[in-house]
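Text of upload_12.cif (mmCIF, C-alpha atoms and all ligand atoms) as supplied:
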data_protein
#
loop_
_atom_site.group_PDB
_atom_site.id
_atom_site.type_symbol
_atom_site.label_atom_id
_atom_site.label_comp_id
_atom_site.auth_asym_id
_atom_site.auth_seq_id
_atom_site.Cartn_x
_atom_site.Cartn_y
_atom_site.Cartn_z
ATOM 1 C CA MET P 1 128.977 30.178 97.451
ATOM 2 C CA ALA P 2 129.555 28.408 94.202
ATOM 3 C CA LYS P 3 133.001 27.877 92.811
ATOM 4 C CA THR P 4 134.294 31.203 91.592
ATOM 5 C CA ASP P 5 136.623 31.942 88.764
ATOM 6 C CA LYS P 6 138.545 35.189 88.826
ATOM 7 C CA HIS P 7 137.883 35.618 85.130
ATOM 8 C CA GLN P 8 134.144 35.296 85.526
ATOM 9 C CA PRO P 9 132.567 38.694 85.037
ATOM 10 C CA ARG P 10 130.835 40.219 88.028
ATOM 11 C CA PHE P 11 127.455 41.773 87.538
ATOM 12 C CA VAL P 12 126.176 44.671 89.686
ATOM 13 C CA ARG P 13 122.926 44.384 91.652
ATOM 14 C CA GLN P 14 119.976 44.980 89.400
ATOM 15 C CA MET P 15 116.425 46.144 89.966
ATOM 16 C CA THR P 16 114.434 43.453 91.805
ATOM 17 C CA LEU P 17 110.851 42.507 91.026
ATOM 18 C CA SER P 18 109.571 44.615 93.909
ATOM 19 C CA ASP P 19 111.698 47.594 92.735
ATOM 20 C CA PHE P 20 110.117 47.069 89.333
ATOM 21 C CA ASP P 21 106.569 47.044 90.700
ATOM 22 C CA ALA P 22 107.233 50.210 92.690
ATOM 23 C CA LEU P 23 108.662 52.000 89.642
ATOM 24 C CA PHE P 24 106.002 50.770 87.224
ATOM 25 C CA PRO P 25 102.680 50.450 89.048
ATOM 26 C CA ASP P 26 100.627 50.884 85.864
ATOM 27 C CA GLU P 27 100.635 51.558 82.132
ATOM 28 C CA ASN P 28 100.853 55.332 82.542
ATOM 29 C CA ALA P 29 103.990 55.036 84.673
ATOM 30 C CA CYS P 30 105.587 53.052 81.819
ATOM 31 C CA ARG P 31 104.502 55.639 79.262
ATOM 32 C CA THR P 32 105.922 58.473 81.318
ATOM 33 C CA TYR P 33 109.194 56.563 81.722
ATOM 34 C CA LEU P 34 109.480 55.882 77.984
ATOM 35 C CA LEU P 35 108.627 59.519 77.211
ATOM 36 C CA LEU P 36 111.450 60.789 79.450
ATOM 37 C CA ARG P 37 113.943 58.215 78.176
ATOM 38 C CA ARG P 38 113.124 58.913 74.564
ATOM 39 C CA TRP P 39 112.762 62.648 74.704
ATOM 40 C CA PRO P 40 114.368 64.080 77.863
ATOM 41 C CA GLY P 41 113.726 67.601 76.556
ATOM 42 C CA GLY P 42 110.103 66.927 75.593
ATOM 43 C CA PRO P 43 108.570 65.174 72.575
ATOM 44 C CA LYS P 44 110.245 65.564 69.204
ATOM 45 C CA CYS P 45 108.965 64.640 65.782
ATOM 46 C CA PRO P 46 110.530 61.259 64.858
ATOM 47 C CA ARG P 47 110.654 62.357 61.215
ATOM 48 C CA CYS P 48 112.183 65.827 61.344
ATOM 49 C CA GLN P 49 113.415 66.052 64.970
ATOM 50 C CA ASN P 50 111.473 69.301 65.372
ATOM 51 C CA ASP P 51 110.454 69.871 68.985
ATOM 52 C CA HIS P 52 107.629 72.317 68.274
ATOM 53 C CA VAL P 53 105.037 69.620 68.268
ATOM 54 C CA TYR P 54 101.458 69.780 69.518
ATOM 55 C CA GLU P 55 99.852 67.366 71.859
ATOM 56 C CA SER P 56 96.828 65.720 70.319
ATOM 57 C CA THR P 57 93.695 66.740 72.158
ATOM 58 C CA ALA P 58 91.785 63.731 70.910
ATOM 59 C CA ARG P 59 94.332 61.016 71.625
ATOM 60 C CA PRO P 60 96.535 60.935 74.714
ATOM 61 C CA TRP P 61 100.247 60.137 74.155
ATOM 62 C CA HIS P 62 99.975 61.347 70.551
ATOM 63 C CA TRP P 63 101.438 64.489 68.999
ATOM 64 C CA GLN P 64 101.326 66.369 65.719
ATOM 65 C CA CYS P 65 104.152 67.930 63.760
ATOM 66 C CA MET P 66 103.125 70.772 61.464
ATOM 67 C CA LYS P 67 106.499 70.973 59.719
ATOM 68 C CA CYS P 68 106.583 67.626 58.006
ATOM 69 C CA GLY P 69 102.939 66.898 57.347
ATOM 70 C CA PRO P 70 102.123 65.900 53.776
ATOM 71 C CA LYS P 71 100.342 69.241 53.174
ATOM 72 C CA PRO P 72 99.938 72.477 55.104
ATOM 73 C CA ARG P 73 97.105 72.052 57.623
ATOM 74 C CA SER P 74 97.613 68.297 57.468
ATOM 75 C CA PRO P 75 100.079 67.514 60.214
ATOM 76 C CA TYR P 76 102.157 64.370 60.660
ATOM 77 C CA ARG P 77 100.761 62.472 63.629
ATOM 78 C CA PHE P 78 102.908 60.279 65.821
ATOM 79 C CA ALA P 79 102.639 58.345 69.042
ATOM 80 C CA LEU P 80 104.941 57.737 71.974
ATOM 81 C CA THR P 81 105.941 54.396 70.477
ATOM 82 C CA THR P 82 106.298 55.491 66.820
ATOM 83 C CA GLY P 83 109.683 54.354 65.541
ATOM 84 C CA THR P 84 110.384 52.136 68.565
ATOM 85 C CA ILE P 85 110.225 48.353 68.741
ATOM 86 C CA PHE P 86 106.935 48.745 70.660
ATOM 87 C CA GLU P 87 105.224 50.374 67.696
ATOM 88 C CA GLU P 88 102.054 48.654 66.514
ATOM 89 C CA SER P 89 102.162 46.142 69.341
ATOM 90 C CA LYS P 90 98.840 45.192 70.885
ATOM 91 C CA LYS P 91 100.582 44.356 74.148
ATOM 92 C CA PRO P 92 100.718 47.083 76.787
ATOM 93 C CA LEU P 93 104.078 48.684 77.533
ATOM 94 C CA ILE P 94 104.022 47.267 81.047
ATOM 95 C CA MET P 95 104.131 43.748 79.576
ATOM 96 C CA TRP P 96 107.085 44.701 77.354
ATOM 97 C CA PHE P 97 108.847 46.247 80.346
ATOM 98 C CA LYS P 98 108.355 43.101 82.422
ATOM 99 C CA VAL P 99 109.764 40.924 79.654
ATOM 100 C CA LEU P 100 112.760 43.223 79.208
ATOM 101 C CA HIS P 101 113.395 43.332 82.945
ATOM 102 C CA LEU P 102 113.490 39.530 83.119
ATOM 103 C CA MET P 103 115.825 39.400 80.127
ATOM 104 C CA VAL P 104 118.375 41.942 81.312
ATOM 105 C CA THR P 105 118.510 40.644 84.869
ATOM 106 C CA SER P 106 118.885 36.944 84.007
ATOM 107 C CA LYS P 107 122.606 36.386 83.637
ATOM 108 C CA LYS P 108 122.215 33.390 81.350
ATOM 109 C CA GLY P 109 119.102 34.644 79.628
ATOM 110 C CA ILE P 110 115.526 33.472 80.065
ATOM 111 C CA SER P 111 113.521 31.411 77.604
ATOM 112 C CA ALA P 112 110.364 32.646 75.925
ATOM 113 C CA LEU P 113 108.555 29.633 77.399
ATOM 114 C CA GLN P 114 109.571 30.659 80.900
ATOM 115 C CA ILE P 115 108.486 34.240 80.219
ATOM 116 C CA HIS P 116 105.165 33.027 78.885
ATOM 117 C CA ARG P 117 104.612 30.930 82.017
ATOM 118 C CA MET P 118 105.620 33.717 84.379
ATOM 119 C CA LEU P 119 103.800 36.611 82.736
ATOM 120 C CA GLY P 120 100.942 34.985 80.887
ATOM 121 C CA THR P 121 101.745 36.648 77.574
ATOM 122 C CA GLY P 122 98.737 35.022 75.847
ATOM 123 C CA SER P 123 100.790 32.556 73.842
ATOM 124 C CA TYR P 124 104.300 31.227 73.665
ATOM 125 C CA GLN P 125 104.640 32.755 70.186
ATOM 126 C CA THR P 126 103.859 36.208 71.568
ATOM 127 C CA ALA P 127 106.537 35.847 74.242
ATOM 128 C CA TRP P 128 109.023 34.631 71.620
ATOM 129 C CA TYR P 129 108.244 37.537 69.317
ATOM 130 C CA MET P 130 108.592 40.081 72.140
ATOM 131 C CA CYS P 131 111.967 38.615 73.152
ATOM 132 C CA MET P 132 113.210 38.781 69.563
ATOM 133 C CA ARG P 133 112.165 42.420 69.149
ATOM 134 C CA LEU P 134 113.847 43.293 72.441
ATOM 135 C CA ARG P 135 117.062 41.541 71.374
ATOM 136 C CA ALA P 136 117.046 43.638 68.222
ATOM 137 C CA GLY P 137 116.822 46.723 70.465
ATOM 138 C CA MET P 138 119.948 45.640 72.349
ATOM 139 C CA GLN P 139 122.273 46.367 69.442
ATOM 140 C CA ASP P 140 124.981 48.772 70.559
ATOM 141 C CA PRO P 141 124.807 51.816 68.271
ATOM 142 C CA GLU P 142 127.853 53.454 69.856
ATOM 143 C CA PHE P 143 130.338 50.701 69.206
ATOM 144 C CA ARG P 144 133.939 51.865 69.515
ATOM 145 C CA GLN P 145 136.929 49.745 68.574
ATOM 146 C CA LEU P 146 138.491 47.798 71.414
ATOM 147 C CA MET P 147 141.996 48.625 72.594
ATOM 148 C CA GLY P 148 144.525 47.578 75.219
ATOM 149 C CA ILE P 149 144.903 43.855 75.780
ATOM 150 C CA VAL P 150 142.293 42.171 73.618
ATOM 151 C CA GLU P 151 141.715 38.414 73.586
ATOM 152 C CA VAL P 152 140.372 36.958 70.348
ATOM 153 C CA ASP P 153 139.040 33.446 69.932
ATOM 154 C CA GLU P 154 136.454 31.492 67.993
ATOM 155 C CA THR P 155 133.846 29.035 69.201
ATOM 156 C CA PHE P 156 131.197 26.763 67.764
ATOM 157 C CA ILE P 157 127.530 26.964 68.673
ATOM 158 C CA GLY P 158 124.989 24.220 68.174
ATOM 159 C CA GLY P 159 126.311 21.463 70.405
ATOM 160 C CA LEU P 160 123.910 18.781 69.302
ATOM 161 C CA ASN P 161 126.512 16.726 67.466
ATOM 162 C CA LYS P 162 127.779 14.902 70.539
ATOM 163 C CA ASN P 163 124.255 13.802 71.389
ATOM 164 C CA ARG P 164 123.774 12.193 68.013
ATOM 165 C CA HIS P 165 124.161 8.500 67.453
ATOM 166 C CA SER P 166 127.710 7.803 66.300
ATOM 167 C CA LYS P 167 126.626 6.905 62.773
ATOM 168 C CA ASP P 168 124.825 10.272 62.391
ATOM 169 C CA ARG P 169 127.604 12.254 63.927
ATOM 170 C CA ILE P 170 129.321 14.613 61.569
ATOM 171 C CA LYS P 171 133.057 14.089 61.393
ATOM 172 C CA GLY P 172 135.436 16.720 62.651
ATOM 173 C CA THR P 173 133.188 17.788 65.520
ATOM 174 C CA GLY P 174 133.637 21.420 66.342
ATOM 175 C CA GLY P 175 134.964 22.451 62.962
ATOM 176 C CA PRO P 176 132.997 24.497 60.485
ATOM 177 C CA ALA P 177 132.141 21.303 58.595
ATOM 178 C CA SER P 178 130.255 19.841 61.535
ATOM 179 C CA GLY P 179 127.139 21.866 60.880
ATOM 180 C CA LYS P 180 127.814 24.045 63.879
ATOM 181 C CA ILE P 181 127.880 27.804 63.646
ATOM 182 C CA THR P 182 131.239 29.528 64.061
ATOM 183 C CA VAL P 183 131.325 32.646 66.210
ATOM 184 C CA VAL P 184 134.430 34.800 66.575
ATOM 185 C CA GLY P 185 134.770 37.165 69.498
ATOM 186 C CA ALA P 186 137.098 39.772 70.936
ATOM 187 C CA ILE P 187 137.135 40.988 74.499
ATOM 188 C CA ALA P 188 139.148 43.789 76.070
ATOM 189 C CA ARG P 189 140.391 42.875 79.539
ATOM 190 C CA LYS P 190 137.985 44.495 82.026
ATOM 191 C CA GLY P 191 136.207 45.957 79.008
ATOM 192 C CA ASN P 192 133.696 45.108 76.346
ATOM 193 C CA VAL P 193 133.070 42.081 74.219
ATOM 194 C CA VAL P 194 132.095 41.980 70.566
ATOM 195 C CA CYS P 195 131.280 38.838 68.639
ATOM 196 C CA LYS P 196 129.780 37.772 65.359
ATOM 197 C CA ILE P 197 129.135 34.795 63.116
ATOM 198 C CA VAL P 198 131.768 33.997 60.495
ATOM 199 C CA GLU P 199 131.306 31.654 57.566
ATOM 200 C CA ARG P 200 134.930 30.550 57.544
ATOM 201 C CA THR P 201 137.810 30.410 59.974
ATOM 202 C CA ASP P 202 140.389 31.419 57.382
ATOM 203 C CA THR P 203 142.915 34.252 57.584
ATOM 204 C CA ASP P 204 140.704 36.753 55.754
ATOM 205 C CA SER P 205 137.714 36.174 58.019
ATOM 206 C CA LEU P 206 139.583 36.165 61.317
ATOM 207 C CA THR P 207 142.123 38.932 60.728
ATOM 208 C CA GLY P 208 139.350 40.900 58.998
ATOM 209 C CA PHE P 209 137.333 40.658 62.210
ATOM 210 C CA VAL P 210 140.327 41.729 64.325
ATOM 211 C CA ARG P 211 140.914 44.780 62.107
ATOM 212 C CA GLU P 212 137.262 45.719 62.279
ATOM 213 C CA VAL P 213 136.893 45.552 66.056
ATOM 214 C CA THR P 214 140.298 46.610 67.420
ATOM 215 C CA LYS P 215 142.195 49.859 67.160
ATOM 216 C CA ALA P 216 145.483 49.863 65.255
ATOM 217 C CA HIS P 217 148.622 50.976 67.153
ATOM 218 C CA ALA P 218 146.793 50.592 70.462
ATOM 219 C CA THR P 219 146.075 46.922 70.812
ATOM 220 C CA LEU P 220 147.866 43.808 71.960
ATOM 221 C CA VAL P 221 145.904 40.938 70.469
ATOM 222 C CA ILE P 222 146.113 37.598 72.235
ATOM 223 C CA THR P 223 144.979 34.408 70.532
ATOM 224 C CA ASP P 224 145.767 30.737 70.576
ATOM 225 C CA GLU P 225 148.261 29.384 68.047
ATOM 226 C CA PHE P 226 145.689 28.962 65.257
ATOM 227 C CA ARG P 227 147.489 29.884 62.016
ATOM 228 C CA ALA P 228 144.658 32.008 60.656
ATOM 229 C CA TYR P 229 145.637 34.652 63.221
ATOM 230 C CA ASP P 230 149.255 34.844 62.016
ATOM 231 C CA ALA P 231 148.726 37.927 59.860
ATOM 232 C CA ILE P 232 147.425 40.128 62.700
ATOM 233 C CA GLY P 233 150.898 41.538 63.304
ATOM 234 C CA ILE P 234 151.147 43.118 59.874
ATOM 235 C CA TYR P 235 148.074 45.270 60.504
ATOM 236 C CA ASN P 236 149.680 47.390 63.226
ATOM 237 C CA ARG P 237 148.458 45.362 66.153
ATOM 238 C CA GLU P 238 150.875 43.623 68.475
ATOM 239 C CA HIS P 239 150.152 39.918 68.512
ATOM 240 C CA GLN P 240 151.025 37.202 71.010
ATOM 241 C CA PHE P 241 149.639 33.711 71.379
ATOM 242 C CA VAL P 242 149.490 30.790 73.758
ATOM 243 C CA ARG P 243 150.167 27.268 72.545
ATOM 244 C CA HIS P 244 147.137 25.337 73.716
ATOM 245 C CA SER P 245 148.285 22.291 71.763
ATOM 246 C CA ALA P 246 151.481 22.243 73.826
ATOM 247 C CA GLY P 247 149.518 22.509 77.063
ATOM 248 C CA GLU P 248 150.343 26.169 77.509
ATOM 249 C CA TYR P 249 147.349 28.186 78.735
ATOM 250 C CA VAL P 250 148.851 31.121 80.616
ATOM 251 C CA ARG P 251 152.182 32.837 80.076
ATOM 252 C CA GLY P 252 152.204 35.887 82.316
ATOM 253 C CA ASN P 253 149.630 38.222 80.836
ATOM 254 C CA VAL P 254 149.206 36.093 77.753
ATOM 255 C CA HIS P 255 146.073 33.950 77.960
ATOM 256 C CA THR P 256 142.585 33.752 76.508
ATOM 257 C CA ASN P 257 140.750 32.982 79.752
ATOM 258 C CA THR P 258 138.525 36.062 79.630
ATOM 259 C CA ILE P 259 137.018 35.302 76.237
ATOM 260 C CA GLU P 260 136.704 31.646 77.225
ATOM 261 C CA SER P 261 134.673 32.678 80.280
ATOM 262 C CA PHE P 262 132.412 34.668 77.988
ATOM 263 C CA TRP P 263 132.012 31.655 75.682
ATOM 264 C CA SER P 264 131.022 29.477 78.606
ATOM 265 C CA LEU P 265 128.452 32.066 79.722
ATOM 266 C CA LEU P 266 127.107 32.236 76.166
ATOM 267 C CA LYS P 267 126.995 28.468 75.742
ATOM 268 C CA ARG P 268 125.399 27.797 79.094
ATOM 269 C CA GLY P 269 122.845 30.400 78.100
ATOM 270 C CA VAL P 270 122.235 29.297 74.559
ATOM 271 C CA ILE P 271 122.303 25.561 75.235
ATOM 272 C CA GLY P 272 120.989 25.547 78.801
ATOM 273 C CA THR P 273 118.273 28.147 78.342
ATOM 274 C CA TYR P 274 117.341 28.209 74.686
ATOM 275 C CA HIS P 275 118.286 24.587 73.786
ATOM 276 C CA HIS P 276 118.434 25.213 70.100
ATOM 277 C CA VAL P 277 119.225 28.433 68.313
ATOM 278 C CA SER P 278 119.176 28.629 64.535
ATOM 279 C CA LYS P 279 121.768 30.448 62.504
ATOM 280 C CA LYS P 280 119.136 32.927 61.405
ATOM 281 C CA TYR P 281 118.448 34.079 64.958
ATOM 282 C CA LEU P 282 121.827 33.565 66.601
ATOM 283 C CA PRO P 283 122.917 37.190 65.886
ATOM 284 C CA LEU P 284 120.016 38.390 68.042
ATOM 285 C CA TYR P 285 121.079 36.134 70.916
ATOM 286 C CA LEU P 286 124.630 37.408 70.511
ATOM 287 C CA ASN P 287 123.222 40.946 70.829
ATOM 288 C CA GLU P 288 121.566 39.990 74.084
ATOM 289 C CA PHE P 289 124.641 38.356 75.622
ATOM 290 C CA GLN P 290 126.935 41.169 74.505
ATOM 291 C CA PHE P 291 124.554 43.776 75.830
ATOM 292 C CA ARG P 292 124.252 42.151 79.243
ATOM 293 C CA PHE P 293 127.987 41.586 79.483
ATOM 294 C CA ASN P 294 128.991 45.077 78.331
ATOM 295 C CA ASN P 295 126.555 46.644 80.780
ATOM 296 C CA ARG P 296 127.429 44.389 83.717
ATOM 297 C CA ASN P 297 128.591 47.423 85.715
ATOM 298 C CA GLU P 298 125.617 49.562 84.698
ATOM 299 C CA ALA P 299 123.224 49.797 87.667
ATOM 300 C CA ASP P 300 120.402 50.901 85.372
ATOM 301 C CA ILE P 301 120.768 48.297 82.645
ATOM 302 C CA PHE P 302 117.000 48.354 82.160
ATOM 303 C CA GLY P 303 117.006 52.082 81.384
ATOM 304 C CA LYS P 304 119.942 51.632 79.032
ATOM 305 C CA ALA P 305 118.063 48.908 77.175
ATOM 306 C CA ILE P 306 114.909 51.014 76.914
ATOM 307 C CA GLY P 307 117.063 53.782 75.434
ATOM 308 C CA GLY P 308 117.914 51.472 72.516
ATOM 309 C CA CYS P 309 114.357 50.308 71.894
HETATM 310 ZN ZN ZN M 401 108.189 66.577 61.785
#
Can I see the file as structure tokens?
Amino acid sequence: MAKTDKHQPRFVRQMTLSDFDALFPDENACRTYLLLRRWPGGPKCPRCQNDHVYESTARPWHWQCMKCGPKPRSPYRFALTTGTIFEESKKPLIMWFKVLHLMVTSKKGISALQIHRMLGTGSYQTAWYMCMRLRAGMQDPEFRQLMGIVEVDETFIGGLNKNRHSKDRIKGTGGPASGKITVVGAIARKGNVVCKIVERTDTDSLTGFVREVTKAHATLVITDEFRAYDAIGIYNREHQFVRHSAGEYVRGNVHTNTIESFWSLLKRGVIGTYHHVSKKYLPLYLNEFQFRFNNRNEADIFGKAIGGC
């Protein structure tokens, strides 16, 4: 076995490719699955949530709602995929499901190029587009503030600077001025992670993030000695820090190893798998990595992801 780190998250066993093929032999199996995930109690109108809808006799997997049609006798018509990320896609659901399965079961992510090669999505661009839509579906709508021991740290994404010729290298590598993107993250020990892009690493940005994602009176925030975190204590969160500059990394329970493990997972994914990620799309990749991490103990991560699509 490879070198293990006790702070590395463990992921439960996920559906294998043969499990997938058994569960989804054809397009209708995928439709039935989506139907049950979306509407466990039967189809509902996506506009008015009314469940007295009528199955279309002319078009399978379509329904009509009489309540919110534009006029009486002119019902609102909707499909299984109306209002989902699969809406208006020419690709069959089974292709979407295969892409999603590969994404949620690859710990470090999987590139659109790899997906295109494995599944024959028609073109690389199609695979890329599908991945992006699926990442958008991985946003956690039920976010609750973190509590307990929460490690907070920032990192810089876009590690191309070191590969540049010295004369092109931007000074202050790693800082916000280097052209890299700054991401701040918080992780509850044995719990969830939340991270986002920040424009600045000043007090307002970093303590603002801590206040947004952690619960007051219920959180011990652990950071490094970076001064921008100094104000955390005045917002009703306990605050302790380790002095990395003095060579101190662990003092009893006080360390930032958990968030650093997440950063290394994210960076190995973003740099190793996707090579280059622009600032515009990084939030979607963050969605993906957060989703996979926060559902690492969820045996049915695929079903959970479909629920958000
Ligand atoms: Zn309706």
Using all atoms listed in the file, find each residue of chain P with at least one atom at most 12 Å away from an atom of ligand ZN 401 (chain M); report its shortest atom-to-atom pair and that distance in Å (one decimal), sort the rows by chain and rising residue number, and return the result as JSON lines.
{"residue": "P:Pro43", "atom": "CA", "partner": "M:ZN401", "partner_atom": "ZN", "distance": 10.9}
{"residue": "P:Lys44", "atom": "CA", "partner": "M:ZN401", "partner_atom": "ZN", "distance": 7.8}
{"residue": "P:Cys45", "atom": "CA", "partner": "M:ZN401", "partner_atom": "ZN", "distance": 4.5}
{"residue": "P:Pro46", "atom": "CA", "partner": "M:ZN401", "partner_atom": "ZN", "distance": 6.6}
{"residue": "P:Arg47", "atom": "CA", "partner": "M:ZN401", "partner_atom": "ZN", "distance": 4.9}
{"residue": "P:Cys48", "atom": "CA", "partner": "M:ZN401", "partner_atom": "ZN", "distance": 4.1}
{"residue": "P:Gln49", "atom": "CA", "partner": "M:ZN401", "partner_atom": "ZN", "distance": 6.1}
{"residue": "P:Asn50", "atom": "CA", "partner": "M:ZN401", "partner_atom": "ZN", "distance": 5.6}
{"residue": "P:Asp51", "atom": "CA", "partner": "M:ZN401", "partner_atom": "ZN", "distance": 8.2}
{"residue": "P:His52", "atom": "CA", "partner": "M:ZN401", "partner_atom": "ZN", "distance": 8.7}
{"residue": "P:Val53", "atom": "CA", "partner": "M:ZN401", "partner_atom": "ZN", "distance": 7.8}
{"residue": "P:Tyr54", "atom": "CA", "partner": "M:ZN401", "partner_atom": "ZN", "distance": 10.7}
{"residue": "P:Trp63", "atom": "CA", "partner": "M:ZN401", "partner_atom": "ZN", "distance": 10.1}
{"residue": "P:Gln64", "atom": "CA", "partner": "M:ZN401", "partner_atom": "ZN", "distance": 7.9}
{"residue": "P:Cys65", "atom": "CA", "partner": "M:ZN401", "partner_atom": "ZN", "distance": 4.7}
{"residue": "P:Met66", "atom": "CA", "partner": "M:ZN401", "partner_atom": "ZN", "distance": 6.6}
{"residue": "P:Lys67", "atom": "CA", "partner": "M:ZN401", "partner_atom": "ZN", "distance": 5.1}
{"residue": "P:Cys68", "atom": "CA", "partner": "M:ZN401", "partner_atom": "ZN", "distance": 4.2}
{"residue": "P:Gly69", "atom": "CA", "partner": "M:ZN401", "partner_atom": "ZN", "distance": 6.9}
{"residue": "P:Pro70", "atom": "CA", "partner": "M:ZN401", "partner_atom": "ZN", "distance": 10.1}
{"residue": "P:Lys71", "atom": "CA", "partner": "M:ZN401", "partner_atom": "ZN", "distance": 12.0}
{"residue": "P:Ser74", "atom": "CA", "partner": "M:ZN401", "partner_atom": "ZN", "distance": 11.6}
{"residue": "P:Pro75", "atom": "CA", "partner": "M:ZN401", "partner_atom": "ZN", "distance": 8.3}
{"residue": "P:Tyr76", "atom": "CA", "partner": "M:ZN401", "partner_atom": "ZN", "distance": 6.5}
{"residue": "P:Arg77", "atom": "CA", "partner": "M:ZN401", "partner_atom": "ZN", "distance": 8.7}
{"residue": "P:Phe78", "atom": "CA", "partner": "M:ZN401", "partner_atom": "ZN", "distance": 9.2}
With a cut-off of 12 Å, could you pull out the residues of region 25-119 of chain P touching region 274-295 of chain P and give me the nearest pair of atoms for each, distance in Å to one decimal, using only C-alpha atoms, ordered by chain and ascending number, as CSV?
residue,atom,partner,partner_atom,distance
P:Leu100,CA,P:Glu288,CA,10.7
P:His101,CA,P:Arg292,CA,11.5
P:Leu102,CA,P:Arg292,CA,11.7
P:Met103,CA,P:Glu288,CA,8.4
P:Val104,CA,P:Arg292,CA,6.2
P:Thr105,CA,P:Arg292,CA,8.2
P:Ser106,CA,P:Arg292,CA,8.9
P:Lys107,CA,P:Arg292,CA,7.4
P:Lys108,CA,P:Phe289,CA,8.0
P:Gly109,CA,P:Phe289,CA,7.8
P:Ile110,CA,P:Tyr274,CA,7.7
P:Ser111,CA,P:Tyr274,CA,5.8
P:Ala112,CA,P:Tyr274,CA,8.4
P:Leu113,CA,P:Tyr274,CA,9.3
P:Gln114,CA,P:Tyr274,CA,10.2
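Note that CA of Asp204 (chain P) and CA of Ala228 (chain P) are 7.9 Å apart.
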Once 4 Å is added on each side, what centre and edge lengths in Å to one decimal does the axis-aligned box around all listed atoms of region 16-25 of chain P have, as lines of an AutoDock Vina configuration file?
center_x = 108.6
center_y = 47.3
center_z = 90.6
size_x = 19.8
size_y = 17.5
size_z = 14.7
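For region 18-33 of chain P, the residues within 8 Å (counting all atoms listed in the file, excluding itself and residues fewer than 6 positions away along the chain) are P:Leu80, P:Pro92, P:Leu93, P:Ile94, P:Phe97.
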Legend entry - Separation of CA of Thr84 (chain P) from CA of Ala136 (chain P) in Å: 10.8 Å
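If you measure from each of P:Trp96, P:Trp39, P:Phe262, P:Phe143 to Glu212 (chain P) using only C-alpha atoms, the closest one turns out to be P:Phe143.
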Legend entry - Between CA of Ile222 (chain P) and CA of His239 (chain P), distance in Å (one decimal): 6.0 Å
Inset, instruction - Evaluate the PyMOL selection byres (((chain P and resi 189) around 7) and not hetatm) and record the selected residues as JSON, numbers by chain, following the chain and residue labels used in the document. - result: {"P": [149, 150, 187, 188, 190, 191]}
Inset, instruction - Give as a ChimeraX atom specification the residues that the PyMOL selection byres (((chain P and resi 241) around 8) and not hetatm) matches when applied to the coordinates above. - result: /P:222-225,239-240,242-243,254-255
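With only C-alpha atoms as the atoms that count, the residue of P:Thr182, P:Thr207, P:Thr258, P:Thr273 with the shortest distance to Cys195 (chain P) is P:Thr182.
Near region 154-159 of chain P, within 8 Å and counting all atoms listed in the file, sit Gly174, Gly175, Pro176, Gly179, Lys180, Ile181, Thr182, Val183, Val184, Gly185, Trp263, Lys267, Ile271, His276 and Val277 of chain P, not including residues fewer than 6 positions from it in the same chain.
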Selection from above, C-alpha atoms, as a PDB file, in the frame of the given file, can you write it?
ATOM      1  CA  GLY P 174     133.637  21.420  66.342  1.00  0.00           C
ATOM      2  CA  GLY P 175     134.964  22.451  62.962  1.00  0.00           C
ATOM      3  CA  PRO P 176     132.997  24.497  60.485  1.00  0.00           C
ATOM      4  CA  GLY P 179     127.139  21.866  60.880  1.00  0.00           C
ATOM      5  CA  LYS P 180     127.814  24.045  63.879  1.00  0.00           C
ATOM      6  CA  ILE P 181     127.880  27.804  63.646  1.00  0.00           C
ATOM      7  CA  THR P 182     131.239  29.528  64.061  1.00  0.00           C
ATOM      8  CA  VAL P 183     131.325  32.646  66.210  1.00  0.00           C
ATOM      9  CA  VAL P 184     134.430  34.800  66.575  1.00  0.00           C
ATOM     10  CA  GLY P 185     134.770  37.165  69.498  1.00  0.00           C
ATOM     11  CA  TRP P 263     132.012  31.655  75.682  1.00  0.00           C
ATOM     12  CA  LYS P 267     126.995  28.468  75.742  1.00  0.00           C
ATOM     13  CA  ILE P 271     122.303  25.561  75.235  1.00  0.00           C
ATOM     14  CA  HIS P 276     118.434  25.213  70.100  1.00  0.00           C
ATOM     15  CA  VAL P 277     119.225  28.433  68.313  1.00  0.00           C
TER      16      VAL P 277
END
Inset, instruction - Can you pull out every residue within 8 Å of Thr214 (chain P), counting all atoms listed in the file, but drop anything in the same chain fewer than 5 positions away, and send it as a list in words? - result: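 Within the cut-off, the hits are Gln145, Leu146, Met147, Val150 and Thr219 of chain P.
Taking only C-alpha atoms into account, Lys215 (chain P) lies nearest to P:Arg144 out of the set P:Leu266, P:Met138, P:Val250, P:Arg144.
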Inset, instruction - Tell me which of P:Arg133, P:Arg211, P:Lys91, P:Arg59 sits closest to Thr121 (chain P), counting all atoms listed in the file. - result: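 Comparing P:Arg133, P:Arg211, P:Lys91, P:Arg59 against Thr121 (chain P), the winner is P:Lys91.
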